[in-house]
Amino acid sequence: MHKEAGTTKLRGQPLSADATASTRRRRARLAIRLLLGAAFLAVAVVVVAGRQDELLGAGNLLGQVRPAWLTLALAPEAMSVLALVYAQRRLLAAGRAPMGTGSLTGITLAANALGPTLPGGPAWATVFTYRQYARKGASNGVAAWVLIAVAALSGGAMALLAVGGVFAASDNGPSPAWGLWVLVGVTGAIAVGMALVLRHPRPLIRLIVVTLRFAGRVTRRSTDRSVGVVERTAQQMRLVRPSAATWTSAFVFASLNWMADCACLCAAFLAVGAAVPWRGLLLAYAAGQLVTAAAVTPGGIGVVEGSLTATLVAYGAGNVSTIAAVLLYRMISYWLLLAIGWPAWAFLHYRRRDPASAPPTDRPAAVQSLARDTRESP
C-alpha cells in the first residue's frame, strides 16, 4: 500500500524541465511536419488549378476503366500484402513463434492503416505489430527481432529496386535527380545498419542501457526494471538463428511485396487504356515509395501522386493517361487498403478485451526451447 501511494505521488508531480523541453521538441517537430505538408499540398493545389483540362480528361478515362484490367490490378495488390505476410511468417517461425496466415494478414492490414494516417504513424504501427506478435505468443526478443529483420529486408529490396530503376532509365530520358540517389543511399544504409544490429546487437543494447541510466539520474527515478527488460530482450534476440534458406525466402517475399505493388501500377495503365511506360516505370515507382517513407504528408498524399506523374511524363508517358493511371493505382494501393485496414484494426483492438479470445501462450517455455535448440545446434 505504501509503495502504491508513493508511486501515485510521483505521478502527480509536475513534469521536470527536461520532460517539458522534450515535449516542446516533439511539438515543434510535429509543427514542422504539418507546415511542410501544408506547403506541399498548397503547391499541389496550385498545380491542379493550372491543369484542370488534364484532370477532366483523366476523370473521363477513370469513368471508362476496363473491368477485366481493374480486376487484374487488384490481384497483384493482394499478392503484395500476402508476400509481406509470408516474409513475417518465415521469420517468426525461425524464432519458434509460428503464426497463421489469417492472423498475420489482419495484423499487416491494420498496421498498414495506422502507419500512413496517424501523426507519428510508423511508430504507432510498429508498436501495434509488436504487441500483436506478443499476444500471439512471441517473446519480446523475437518480436523485436522480426520487426527489425522485416524492415531491413524491405529496405534492402527497395534500395535494389531503385538502383535497377535508375539503370533501366539511364539510357533514355533525363538523368535521375541527385535527391533520389540520396534517398536510395539512406535507405540502403538504414537496411545495412539494421542487419548489423541483428548480427551484433550488443553495441546498440549498451547505448540504450546508458541512455536509460542517464535518464534515470536526470529524473531521479529507478531504471533497473527497464534495463532488465532491454537486456532480456537482447538475450532472446541473440538466440534467433535463421538458416540461409529462411533468409533467402524472406528476402524473396520482401522483394515480391514491392514488385507486386509495382505490377498494380502497370495494370492501372492498362485499365485506363494506356500503354505502360516501361522505360521509367521502376524509377518512378521507387521514387514514389522513397518519398512516402520520408513521411512529409500522411501516406504521401499529393507528394506520391506528383512524383509518380512527373517522373513518368518526363520519360515519355502521356499527361492525361498518366494522371488517370496514377490516381487509379493510389485508389487501390492506398485508399482501398485503408478501407480494409481500419476495420481489421478495430477487430483486433476490441477482440483483445475479450479474455476468451486470447490464445494461451507459454513464452518462457518457447524461449527455453529456442535456447536449447541453439545450444544443441553445431
# chains A, B, ... in the order shown; residues from 1 in each chain; ligands from 1
>>> residues_around(residues="Val230 in chain A", least_positions_apart="6", cutoff="8 Å", atoms="only C-alpha atoms", output="list in words")
Ile205, Ile208 and Val209 of chain A
>>> residues_around(residues="range 122-133 of chain A", least_positions_apart="3", cutoff="6 Å", atoms="only C-alpha atoms", output="VMD selection string")
chain A and resid 111 114 to 115 136 138 143
>>> residues_around(residues="Ser222 in chain A", least_positions_apart="5", cutoff="10 Å", atoms="only C-alpha atoms", output="count of residues only")
6
>>> decode(residues="range 86-115 of chain A", atoms="N, CA, C and O atoms", output="compact mmCIF listing (two decimals), in the first residue's frame")
# COMPACT_ATOMS: atom_id res chain seq x y z
N TYR A 86 3.92 -13.48 -45.68
CA TYR A 86 4.75 -14.69 -45.69
C TYR A 86 6.20 -14.40 -45.29
O TYR A 86 6.87 -15.27 -44.72
N ALA A 87 6.68 -13.20 -45.56
CA ALA A 87 8.01 -12.83 -45.07
C ALA A 87 8.03 -12.84 -43.54
O ALA A 87 8.97 -13.35 -42.92
N GLN A 88 6.98 -12.29 -42.94
CA GLN A 88 6.88 -12.30 -41.47
C GLN A 88 6.73 -13.72 -40.94
O GLN A 88 7.33 -14.08 -39.92
N ARG A 89 5.95 -14.53 -41.62
CA ARG A 89 5.75 -15.92 -41.18
C ARG A 89 7.07 -16.68 -41.13
O ARG A 89 7.35 -17.41 -40.18
N ARG A 90 7.88 -16.52 -42.16
CA ARG A 90 9.15 -17.23 -42.21
C ARG A 90 10.05 -16.82 -41.05
O ARG A 90 10.70 -17.65 -40.41
N LEU A 91 10.10 -15.53 -40.77
CA LEU A 91 10.98 -15.03 -39.72
C LEU A 91 10.45 -15.38 -38.34
O LEU A 91 11.23 -15.71 -37.43
N LEU A 92 9.14 -15.32 -38.15
CA LEU A 92 8.56 -15.71 -36.86
C LEU A 92 8.78 -17.20 -36.59
O LEU A 92 9.05 -17.60 -35.46
N ALA A 93 8.67 -18.02 -37.62
CA ALA A 93 8.92 -19.45 -37.45
C ALA A 93 10.36 -19.71 -37.04
O ALA A 93 10.63 -20.64 -36.27
N ALA A 94 11.29 -18.88 -37.52
CA ALA A 94 12.69 -19.04 -37.13
C ALA A 94 12.90 -18.75 -35.65
O ALA A 94 13.84 -19.27 -35.03
N GLY A 95 12.01 -17.93 -35.08
CA GLY A 95 12.07 -17.63 -33.65
C GLY A 95 11.15 -18.49 -32.82
O GLY A 95 10.87 -18.16 -31.66
N ARG A 96 10.69 -19.60 -33.37
CA ARG A 96 9.79 -20.53 -32.67
C ARG A 96 8.50 -19.83 -32.22
O ARG A 96 7.99 -20.08 -31.14
N ALA A 97 7.99 -18.95 -33.09
CA ALA A 97 6.73 -18.27 -32.80
C ALA A 97 5.84 -18.32 -34.03
O ALA A 97 5.52 -17.28 -34.62
N PRO A 98 5.45 -19.52 -34.47
CA PRO A 98 4.66 -19.64 -35.69
C PRO A 98 3.30 -18.98 -35.56
O PRO A 98 2.67 -19.04 -34.50
N MET A 99 2.84 -18.34 -36.61
CA MET A 99 1.53 -17.70 -36.63
C MET A 99 0.82 -18.05 -37.94
O MET A 99 1.46 -18.26 -38.97
N GLY A 100 -0.50 -18.04 -37.89
CA GLY A 100 -1.30 -18.37 -39.05
C GLY A 100 -1.34 -17.23 -40.06
O GLY A 100 -1.15 -16.05 -39.71
N THR A 101 -1.62 -17.59 -41.30
CA THR A 101 -1.68 -16.58 -42.36
C THR A 101 -2.81 -15.59 -42.11
O THR A 101 -2.64 -14.38 -42.33
N GLY A 102 -3.96 -16.07 -41.62
CA GLY A 102 -5.08 -15.17 -41.36
C GLY A 102 -4.77 -14.12 -40.32
O GLY A 102 -5.05 -12.93 -40.51
N SER A 103 -4.18 -14.55 -39.20
CA SER A 103 -3.84 -13.60 -38.14
C SER A 103 -2.84 -12.56 -38.62
O SER A 103 -2.99 -11.36 -38.38
N LEU A 104 -1.79 -13.01 -39.33
CA LEU A 104 -0.77 -12.09 -39.81
C LEU A 104 -1.31 -11.15 -40.88
O LEU A 104 -0.89 -9.99 -40.98
N THR A 105 -2.25 -11.63 -41.69
CA THR A 105 -2.85 -10.76 -42.69
C THR A 105 -3.62 -9.63 -42.03
O THR A 105 -3.51 -8.46 -42.43
N GLY A 106 -4.40 -9.95 -40.99
CA GLY A 106 -5.12 -8.90 -40.26
C GLY A 106 -4.18 -7.92 -39.61
O GLY A 106 -4.39 -6.69 -39.65
N ILE A 107 -3.10 -8.41 -38.99
CA ILE A 107 -2.12 -7.53 -38.35
C ILE A 107 -1.45 -6.63 -39.38
O ILE A 107 -1.28 -5.42 -39.15
N THR A 108 -1.09 -7.20 -40.53
CA THR A 108 -0.41 -6.41 -41.57
C THR A 108 -1.32 -5.33 -42.13
O THR A 108 -0.90 -4.18 -42.32
N LEU A 109 -2.58 -5.67 -42.40
CA LEU A 109 -3.52 -4.67 -42.93
C LEU A 109 -3.78 -3.57 -41.91
O LEU A 109 -3.86 -2.38 -42.27
N ALA A 110 -3.92 -3.94 -40.64
CA ALA A 110 -4.17 -2.93 -39.61
C ALA A 110 -2.98 -2.01 -39.45
O ALA A 110 -3.13 -0.78 -39.34
N ALA A 111 -1.77 -2.57 -39.41
CA ALA A 111 -0.56 -1.75 -39.29
C ALA A 111 -0.41 -0.83 -40.50
O ALA A 111 0.02 0.32 -40.38
N ASN A 112 -0.79 -1.33 -41.68
CA ASN A 112 -0.71 -0.53 -42.90
C ASN A 112 -1.68 0.66 -42.85
O ASN A 112 -1.44 1.70 -43.47
N ALA A 113 -2.78 0.51 -42.11
CA ALA A 113 -3.72 1.63 -41.95
C ALA A 113 -3.22 2.63 -40.92
O ALA A 113 -3.41 3.84 -41.07
N LEU A 114 -2.59 2.15 -39.86
CA LEU A 114 -2.09 3.05 -38.82
C LEU A 114 -0.94 3.92 -39.33
O LEU A 114 -0.89 5.12 -39.05
N GLY A 115 -0.02 3.30 -40.05
CA GLY A 115 1.20 4.00 -40.45
C GLY A 115 0.98 5.29 -41.21
O GLY A 115 1.53 6.34 -40.83
